[in-house]
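Student: Got a structure here, written out as structure tokens. Questions coming.
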Amino acid sequence: MNVISRDASNYSYVNARVRSRWALLLDADEYDTLTRMGPSEIARFLGESEYSPEIDALGSRHSGVDLVEHALNRNLARHFDDLLEWSQGTLYDLISRYLRKFDAWNVKTALRGVYSETDAGVIDDDFIRAGEFDDALLGTLEECESVESVVDALAETVFGDPLADALDDYEETGALVPLENAVDRTFYDTLLRGLNAATESGTREFVKFLQAEVDFRNIRNAFRLARSGGTIDPSEYYIEGGRLFEASELASLVENRDELVARLRESRYGDQLGPALERLESADSLIGFEHALDAALLGYADHLSHVFPLSVCPVLAYILAKEREVDNIRAIARGREVGLSGEEIEQELVML
């Protein structure tokens, strides 16, 4: 893919529109209210908010948690379609590149659905139509009956060859991890290809954001491997494109968690990762740490949006924040459905 060239990007206009969307995101008091509601009450609450178009459109076919789930995915796609509709030139190209993350999401959704023998309709409901995959391809994916057939259906996409290469590891282990890792690595490789050498300011800032996201993904994978106690070569799960680790050094860092923690504290992300590392040291599992990592990435994205206000960074920070809101609402609805307390649900939320 060629390096993007600068043209008539409308950063000021789009970022002004994005600021208005930030104002619609739920605040702490609204989250507190939701954690005390049942699934049907949550759906009604959303129906009186900016989620009302989706709740109204889907209310005759779904109810409770199902209604919430479907409305969240459709709302996410609507907001991100709006970003593309508002944008021009280089800014449009950068946003559309980044939104291909939902193609990766949909690939993993199809793989997980087939692997767990989930009904095709449920798989379709879990797709987020905010990337470049069209309805025909998504329809093919939801009808696949085996992991191998999903890989075959993706042969003509950027994920085709990497997934085919990972099939042997999947068949040997019986786990989806090699395939999902191939999807993530392909997404970031495709996203960054041709950009690292770019000199235009808008593209430079985009690369900074992506490098941070890759670094945070590698941090997550490193700690997962460190906690697993297995014999997996960490380099096999290393994603190129970040600035914090080299693949060759990750193995030794994974074997020495104290050294890894010290490395992170001294890194360019030390201020953002401080709370995450403190939670890691006191946590019995990775869940709390991973939530703290998500919050740290949100914080770093917000930092970049203030340092580079006339760039793509405010848009990318909003995309992360909107995704996180959807994930939080989903966690609340699911938690209330299974009877979790408000305190238990709060542990599952990621707040900036």
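Labels used: A, B, ... for chains in the order of the structure tokens, numbers from 1 for residues in each chain, and numbers from 1 for ligands as shown.
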Report as CSV the residues of segment 163-206 of chain A within 12 Å of segment 93-106 of chain A, each with its shortest atom pair and distance in Å (one decimal), using only C-alpha atoms, ordered by chain and increasing residue number.
Tutor:
residue,atom,partner,partner_atom,distance
A:Leu163,CA,A:Ala104,CA,11.6
A:Leu179,CA,A:Ala104,CA,11.1
A:Glu180,CA,A:Ala104,CA,8.8
A:Asn181,CA,A:Ala104,CA,10.4
A:Ala182,CA,A:Ala104,CA,9.9
A:Val183,CA,A:Ala104,CA,6.1
A:Asp184,CA,A:Ala104,CA,6.9
A:Arg185,CA,A:Ala104,CA,9.9
A:Thr186,CA,A:Ala104,CA,8.7
A:Phe187,CA,A:Ala104,CA,6.7
A:Tyr188,CA,A:Lys101,CA,8.7
A:Asp189,CA,A:Arg97,CA,11.5
A:Thr190,CA,A:Arg97,CA,8.8
A:Leu191,CA,A:Arg97,CA,6.3
A:Leu192,CA,A:Arg97,CA,9.3
A:Arg193,CA,A:Arg97,CA,10.9
A:Leu195,CA,A:Leu94,CA,10.2
A:Gly202,CA,A:Leu94,CA,8.8
A:Thr203,CA,A:Leu94,CA,7.7
A:Arg204,CA,A:Leu94,CA,11.0
A:Glu205,CA,A:Leu94,CA,10.5
A:Phe206,CA,A:Leu94,CA,7.4
Student: Skipping near chain neighbours, those fewer than 3 positions away, what residues fall within 12 Å of Asp258 of chain A using only C-alpha atoms, listed as a PyMOL selection string?
Tutor: chain A and resi 223+226+252-255+261-265+277+280-281
Student: Could you pull the residues within 12 Å of Leu310 of chain A, counting only C-alpha atoms, minus those fewer than 4 positions along the same chain, as a VMD selection string?
Tutor: chain A and resid 9 to 16 18 91 201 to 203 205 to 206 304 to 306 314 to 315
Student: As a list in words, please: the residues near Asn328 of chain A (cut-off 9 Å, only C-alpha atoms, same-chain neighbours under 3 positions excluded).
Tutor: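 Non-adjacent residues within range: Tyr31, Glu323, Arg324, Glu325, Ala331, Ile332, Ala333, Glu348, Leu349, Val350 and Met351 of chain A.
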Student: Using only C-alpha atoms for the distances, tell me which of A:Leu34, A:Glu346, A:Arg17, A:Leu260 is nearest to Trp86 of chain A.
Tutor: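 Among A:Leu34, A:Glu346, A:Arg17, A:Leu260, it is A:Arg17 that comes nearest to Trp86 of chain A.
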Student: Considering only C-alpha atoms, can you say which of A:Leu46, A:Val122, A:Leu297, A:Ala321 comes closest to Leu210 of chain A?
Tutor: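 Of all the options, A:Leu297 lies closest to Leu210 of chain A.
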Student: Using only C-alpha atoms, determine which residues lie at most 12 Å from Arg224 of chain A, disregarding the query and same-chain residues fewer than 5 positions distant; provide the list as a ChimeraX atom specification.
Tutor: /A:217-219,229-230,232,234,237,254-255,257,280,285-287,289-290
Student: Write the residues of the preceding selection, restricted to N, CA and C atoms, as an mmCIF file, in the first residue's frame.
Tutor:
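File produced: out_16.cif:
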data_model
loop_
_atom_site.group_PDB
_atom_site.id
_atom_site.type_symbol
_atom_site.label_atom_id
_atom_site.label_comp_id
_atom_site.auth_asym_id
_atom_site.auth_seq_id
_atom_site.Cartn_x
_atom_site.Cartn_y
_atom_site.Cartn_z
ATOM 1 N N ARG A 217 -0.674 -3.951 23.274
ATOM 2 C CA ARG A 217 -1.062 -5.327 22.939
ATOM 3 C C ARG A 217 0.063 -6.302 23.280
ATOM 4 N N ASN A 218 1.297 -5.929 22.996
ATOM 5 C CA ASN A 218 2.430 -6.788 23.326
ATOM 6 C C ASN A 218 2.611 -6.921 24.837
ATOM 7 N N ILE A 219 2.343 -5.838 25.573
ATOM 8 C CA ILE A 219 2.401 -5.907 27.035
ATOM 9 C C ILE A 219 1.392 -6.925 27.542
ATOM 10 N N GLY A 229 2.840 -19.885 32.461
ATOM 11 C CA GLY A 229 3.818 -20.877 32.875
ATOM 12 C C GLY A 229 4.093 -21.931 31.834
ATOM 13 N N GLY A 230 3.652 -21.685 30.588
ATOM 14 C CA GLY A 230 3.839 -22.659 29.521
ATOM 15 C C GLY A 230 5.198 -22.528 28.854
ATOM 16 N N ILE A 232 5.498 -21.776 25.513
ATOM 17 C CA ILE A 232 5.276 -21.092 24.236
ATOM 18 C C ILE A 232 6.368 -20.061 24.005
ATOM 19 N N PRO A 234 7.489 -16.679 23.159
ATOM 20 C CA PRO A 234 6.792 -15.382 23.111
ATOM 21 C C PRO A 234 6.914 -14.688 21.766
ATOM 22 N N TYR A 237 4.068 -14.675 19.347
ATOM 23 C CA TYR A 237 2.900 -13.849 19.627
ATOM 24 C C TYR A 237 3.251 -12.367 19.633
ATOM 25 N N VAL A 254 9.619 -12.046 29.717
ATOM 26 C CA VAL A 254 8.496 -12.864 30.168
ATOM 27 C C VAL A 254 8.926 -13.790 31.297
ATOM 28 N N GLU A 255 10.158 -14.276 31.240
ATOM 29 C CA GLU A 255 10.657 -15.188 32.272
ATOM 30 C C GLU A 255 10.961 -14.471 33.577
ATOM 31 N N ARG A 257 9.321 -11.513 35.577
ATOM 32 C CA ARG A 257 8.243 -10.536 35.633
ATOM 33 C C ARG A 257 8.692 -9.238 36.285
ATOM 34 N N LEU A 280 -1.545 -4.947 39.023
ATOM 35 C CA LEU A 280 -0.958 -6.248 38.712
ATOM 36 C C LEU A 280 -0.310 -6.854 39.946
ATOM 37 N N SER A 285 -5.396 -12.360 39.481
ATOM 38 C CA SER A 285 -5.549 -12.771 38.092
ATOM 39 C C SER A 285 -5.186 -11.597 37.194
ATOM 40 N N LEU A 286 -5.205 -11.874 35.897
ATOM 41 C CA LEU A 286 -4.861 -10.839 34.928
ATOM 42 C C LEU A 286 -6.028 -9.906 34.609
ATOM 43 N N ILE A 287 -7.221 -10.265 35.056
ATOM 44 C CA ILE A 287 -8.390 -9.499 34.620
ATOM 45 C C ILE A 287 -8.280 -8.036 35.036
ATOM 46 N N PHE A 289 -5.647 -6.363 35.857
ATOM 47 C CA PHE A 289 -4.528 -5.725 35.176
ATOM 48 C C PHE A 289 -4.899 -5.362 33.746
ATOM 49 N N GLU A 290 -5.592 -6.262 33.052
ATOM 50 C CA GLU A 290 -5.953 -5.986 31.667
ATOM 51 C C GLU A 290 -6.952 -4.836 31.577
#
Student: What lies within 9 Å of Ala212 of chain A using only C-alpha atoms, ignoring chain neighbours under 5 positions off, as a PyMOL selection string?
Tutor: chain A and resi 207+217+242-244+269+297+300-301
Student: Mind dumping the selected residues with C-alpha atoms as a PDB file, in the first residue's frame?
Tutor:
ATOM      1  CA  VAL A 207       1.704   6.178  13.531  1.00  0.00           C
ATOM      2  CA  ARG A 217      -1.062  -5.327  22.939  1.00  0.00           C
ATOM      3  CA  GLY A 242       5.649  -0.932  18.435  1.00  0.00           C
ATOM      4  CA  ARG A 243       8.564   0.863  20.069  1.00  0.00           C
ATOM      5  CA  LEU A 244       8.782  -0.753  23.494  1.00  0.00           C
ATOM      6  CA  TYR A 269       4.197   4.933  29.020  1.00  0.00           C
ATOM      7  CA  LEU A 297      -4.388   3.127  26.633  1.00  0.00           C
ATOM      8  CA  TYR A 300      -2.612   7.805  26.456  1.00  0.00           C
ATOM      9  CA  ALA A 301      -4.955   8.289  23.494  1.00  0.00           C
TER      10      ALA A 301
END
Student: Identify, on the basis of only C-alpha atoms, every residue whose closest approach to segment 123-128 of chain A does not exceed 6 Å; exclude the query and any residue fewer than 5 positions from it along the same chain; express the result as a PDB file with all heavy atoms, in the first residue's frame.
Tutor:
ATOM      1  N   ASN A  73     -24.163  -2.970  19.110  1.00  0.00           N
ATOM      2  CA  ASN A  73     -23.372  -3.198  17.900  1.00  0.00           C
ATOM      3  C   ASN A  73     -23.818  -2.295  16.757  1.00  0.00           C
ATOM      4  O   ASN A  73     -22.989  -1.732  16.031  1.00  0.00           O
ATOM      5  CB  ASN A  73     -23.468  -4.663  17.475  1.00  0.00           C
ATOM      6  CG  ASN A  73     -22.664  -5.587  18.375  1.00  0.00           C
ATOM      7  OD1 ASN A  73     -21.853  -5.126  19.176  1.00  0.00           O
ATOM      8  ND2 ASN A  73     -22.880  -6.879  18.257  1.00  0.00           N
ATOM      9  N   ASN A 106     -14.608  -9.231  13.221  1.00  0.00           N
ATOM     10  CA  ASN A 106     -15.586 -10.123  12.600  1.00  0.00           C
ATOM     11  C   ASN A 106     -14.972 -11.465  12.217  1.00  0.00           C
ATOM     12  O   ASN A 106     -15.643 -12.503  12.286  1.00  0.00           O
ATOM     13  CB  ASN A 106     -16.212  -9.433  11.390  1.00  0.00           C
ATOM     14  CG  ASN A 106     -17.117  -8.285  11.787  1.00  0.00           C
ATOM     15  OD1 ASN A 106     -17.685  -8.269  12.878  1.00  0.00           O
ATOM     16  ND2 ASN A 106     -17.251  -7.298  10.909  1.00  0.00           N
ATOM     17  N   GLY A 113     -17.330 -18.434  16.792  1.00  0.00           N
ATOM     18  CA  GLY A 113     -18.674 -18.954  16.667  1.00  0.00           C
ATOM     19  C   GLY A 113     -18.698 -20.367  16.130  1.00  0.00           C
ATOM     20  O   GLY A 113     -19.396 -21.245  16.668  1.00  0.00           O
ATOM     21  N   GLU A 142     -20.870 -16.433   8.415  1.00  0.00           N
ATOM     22  CA  GLU A 142     -21.787 -16.923   9.448  1.00  0.00           C
ATOM     23  C   GLU A 142     -22.342 -18.307   9.123  1.00  0.00           C
ATOM     24  O   GLU A 142     -22.774 -19.038  10.019  1.00  0.00           O
ATOM     25  CB  GLU A 142     -22.938 -15.939   9.660  1.00  0.00           C
ATOM     26  CG  GLU A 142     -23.958 -15.921   8.539  1.00  0.00           C
ATOM     27  CD  GLU A 142     -25.096 -14.970   8.831  1.00  0.00           C
ATOM     28  OE1 GLU A 142     -24.856 -13.760   8.839  1.00  0.00           O
ATOM     29  OE2 GLU A 142     -26.224 -15.459   9.023  1.00  0.00           O
TER      30      GLU A 142
END
Student: Based on DSSP run over this structure's backbone, return all residues of segment 146-334 of chain A in helix (DSSP H, G or I), as a PyMOL selection string.
Tutor: chain A and resi 147-153+160-173+177-192+201-228+234-237+247-255+257-265+270-282+286-307+313-334
Student: For those residues, write C-alpha atoms to a file as a CSV table (one decimal), in the first residue's frame.
Tutor:
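For reference, selection-v5.csv as written:
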chain,number,residue,atom,x,y,z
A,147,VAL,CA,-12.8,-23.4,11.2
A,148,GLU,CA,-11.2,-24.6,8.0
A,149,SER,CA,-14.2,-23.3,5.9
A,150,VAL,CA,-13.9,-19.9,7.6
A,151,VAL,CA,-10.3,-19.8,6.6
A,152,ASP,CA,-11.2,-20.8,3.0
A,153,ALA,CA,-13.9,-18.1,2.9
A,160,GLY,CA,-6.2,-15.4,3.9
A,161,ASP,CA,-2.6,-16.4,3.8
A,162,PRO,CA,-1.7,-15.7,7.4
A,163,LEU,CA,-4.7,-17.8,8.6
A,164,ALA,CA,-3.8,-20.6,6.2
A,165,ASP,CA,-0.3,-20.6,7.6
A,166,ALA,CA,-1.7,-20.8,11.2
A,167,LEU,CA,-4.0,-23.7,10.4
A,168,ASP,CA,-1.3,-26.3,11.2
A,169,ASP,CA,-0.8,-24.9,14.7
A,170,TYR,CA,-4.6,-24.8,15.2
A,171,GLU,CA,-4.9,-28.4,14.2
A,172,GLU,CA,-2.0,-29.4,16.4
A,173,THR,CA,-3.2,-27.6,19.5
A,177,VAL,CA,-5.0,-18.8,19.8
A,178,PRO,CA,-2.7,-19.2,16.7
A,179,LEU,CA,-5.5,-18.2,14.4
A,180,GLU,CA,-6.6,-15.2,16.4
A,181,ASN,CA,-2.9,-14.1,16.8
A,182,ALA,CA,-2.5,-14.3,13.0
A,183,VAL,CA,-5.5,-12.0,12.6
A,184,ASP,CA,-4.2,-9.4,15.0
A,185,ARG,CA,-0.7,-9.4,13.5
A,186,THR,CA,-2.1,-9.1,10.0
A,187,PHE,CA,-4.3,-6.2,11.0
A,188,TYR,CA,-1.4,-4.2,12.5
A,189,ASP,CA,1.0,-5.1,9.7
A,190,THR,CA,-1.4,-4.0,7.0
A,191,LEU,CA,-2.3,-0.9,9.0
A,192,LEU,CA,1.3,0.2,9.5
A,201,SER,CA,2.2,15.5,10.3
A,202,GLY,CA,-1.2,13.9,10.2
A,203,THR,CA,0.3,10.5,9.3
A,204,ARG,CA,3.1,10.8,11.9
A,205,GLU,CA,0.6,11.3,14.6
A,206,PHE,CA,-1.4,8.3,13.4
A,207,VAL,CA,1.7,6.2,13.5
A,208,LYS,CA,2.4,7.3,17.1
A,209,PHE,CA,-1.0,6.2,18.1
A,210,LEU,CA,-0.7,2.9,16.4
A,211,GLN,CA,2.7,2.2,17.9
A,212,ALA,CA,1.3,2.8,21.3
A,213,GLU,CA,-1.6,0.4,20.6
A,214,VAL,CA,0.8,-2.3,19.4
A,215,ASP,CA,3.0,-1.8,22.5
A,216,PHE,CA,0.0,-2.2,24.8
A,217,ARG,CA,-1.1,-5.3,22.9
A,218,ASN,CA,2.4,-6.8,23.3
A,219,ILE,CA,2.4,-5.9,27.0
A,220,ARG,CA,-0.9,-7.8,27.4
A,221,ASN,CA,0.5,-10.8,25.6
A,222,ALA,CA,3.7,-10.8,27.5
A,223,PHE,CA,1.9,-10.9,30.9
A,224,ARG,CA,-0.5,-13.6,29.7
A,225,LEU,CA,2.5,-15.7,28.7
A,226,ALA,CA,4.3,-14.9,32.0
A,227,ARG,CA,1.2,-16.1,34.0
A,228,SER,CA,0.6,-19.1,31.8
A,234,PRO,CA,6.8,-15.4,23.1
A,235,SER,CA,8.2,-14.3,19.8
A,236,GLU,CA,5.4,-16.2,18.0
A,237,TYR,CA,2.9,-13.8,19.6
A,247,ALA,CA,10.8,-9.8,19.6
A,248,SER,CA,14.3,-11.1,20.6
A,249,GLU,CA,14.1,-9.7,24.1
A,250,LEU,CA,10.5,-10.6,25.0
A,251,ALA,CA,11.3,-14.1,26.0
A,252,SER,CA,13.8,-13.1,28.8
A,253,LEU,CA,11.4,-10.4,30.0
A,254,VAL,CA,8.5,-12.9,30.2
A,255,GLU,CA,10.7,-15.2,32.3
A,257,ARG,CA,8.2,-10.5,35.6
A,258,ASP,CA,10.0,-8.1,38.0
A,259,GLU,CA,12.3,-7.1,35.1
A,260,LEU,CA,9.3,-6.7,32.8
A,261,VAL,CA,7.5,-4.5,35.4
A,262,ALA,CA,10.6,-2.4,35.9
A,263,ARG,CA,11.0,-2.0,32.1
A,264,LEU,CA,7.4,-0.7,31.8
A,265,ARG,CA,7.8,1.7,34.7
A,270,GLY,CA,5.3,4.8,32.7
A,271,ASP,CA,2.8,7.5,33.8
A,272,GLN,CA,-0.1,5.8,32.1
A,273,LEU,CA,0.9,2.3,33.2
A,274,GLY,CA,1.5,3.1,36.9
A,275,PRO,CA,-2.0,2.2,38.1
A,276,ALA,CA,-2.1,-0.9,35.9
A,277,LEU,CA,1.2,-2.1,37.3
A,278,GLU,CA,0.1,-1.4,40.9
A,279,ARG,CA,-3.1,-3.5,40.2
A,280,LEU,CA,-1.0,-6.2,38.7
A,281,GLU,CA,1.2,-6.6,41.8
A,282,SER,CA,-1.9,-7.0,44.0
A,286,LEU,CA,-4.9,-10.8,34.9
A,287,ILE,CA,-8.4,-9.5,34.6
A,288,GLY,CA,-7.9,-6.4,36.8
A,289,PHE,CA,-4.5,-5.7,35.2
A,290,GLU,CA,-6.0,-6.0,31.7
A,291,HIS,CA,-8.8,-3.6,32.6
A,292,ALA,CA,-6.2,-1.2,33.9
A,293,LEU,CA,-4.2,-1.6,30.7
A,294,ASP,CA,-7.3,-0.7,28.7
A,295,ALA,CA,-7.8,2.4,30.9
A,296,ALA,CA,-4.1,3.3,30.4
A,297,LEU,CA,-4.4,3.1,26.6
A,298,LEU,CA,-7.5,5.3,26.8
A,299,GLY,CA,-5.5,7.8,28.9
A,300,TYR,CA,-2.6,7.8,26.5
A,301,ALA,CA,-5.0,8.3,23.5
A,302,ASP,CA,-6.6,11.2,25.3
A,303,HIS,CA,-3.1,12.6,26.0
A,304,LEU,CA,-2.3,12.5,22.3
A,305,SER,CA,-5.6,14.1,21.4
A,306,HIS,CA,-4.7,17.1,23.5
A,307,VAL,CA,-1.1,17.3,22.3
A,313,CYS,CA,-5.7,11.6,17.3
A,314,PRO,CA,-8.9,13.1,18.8
A,315,VAL,CA,-10.9,10.9,16.4
A,316,LEU,CA,-9.0,7.7,17.4
A,317,ALA,CA,-9.3,8.6,21.1
A,318,TYR,CA,-13.1,8.9,20.6
A,319,ILE,CA,-13.3,5.5,18.7
A,320,LEU,CA,-11.5,3.8,21.7
A,321,ALA,CA,-13.8,5.6,24.2
A,322,LYS,CA,-17.0,4.7,22.3
A,323,GLU,CA,-15.8,1.0,22.0
A,324,ARG,CA,-15.2,1.1,25.7
A,325,GLU,CA,-18.6,2.5,26.5
A,326,VAL,CA,-20.3,-0.3,24.5
A,327,ASP,CA,-18.2,-2.9,26.3
A,328,ASN,CA,-19.1,-1.4,29.6
A,329,ILE,CA,-22.8,-1.4,28.9
A,330,ARG,CA,-22.6,-4.9,27.6
A,331,ALA,CA,-20.8,-6.0,30.8
A,332,ILE,CA,-23.4,-4.4,33.0
A,333,ALA,CA,-26.3,-6.0,31.1
A,334,ARG,CA,-24.7,-9.4,31.2
Student: Which residue is closest to Lys108 of chain A? Choose from A:Leu138, A:Arg21, A:Met37, A:Leu72 and count only C-alpha atoms.
Tutor: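 Once distances to Lys108 of chain A are computed over only C-alpha atoms, the minimum belongs to A:Leu138.
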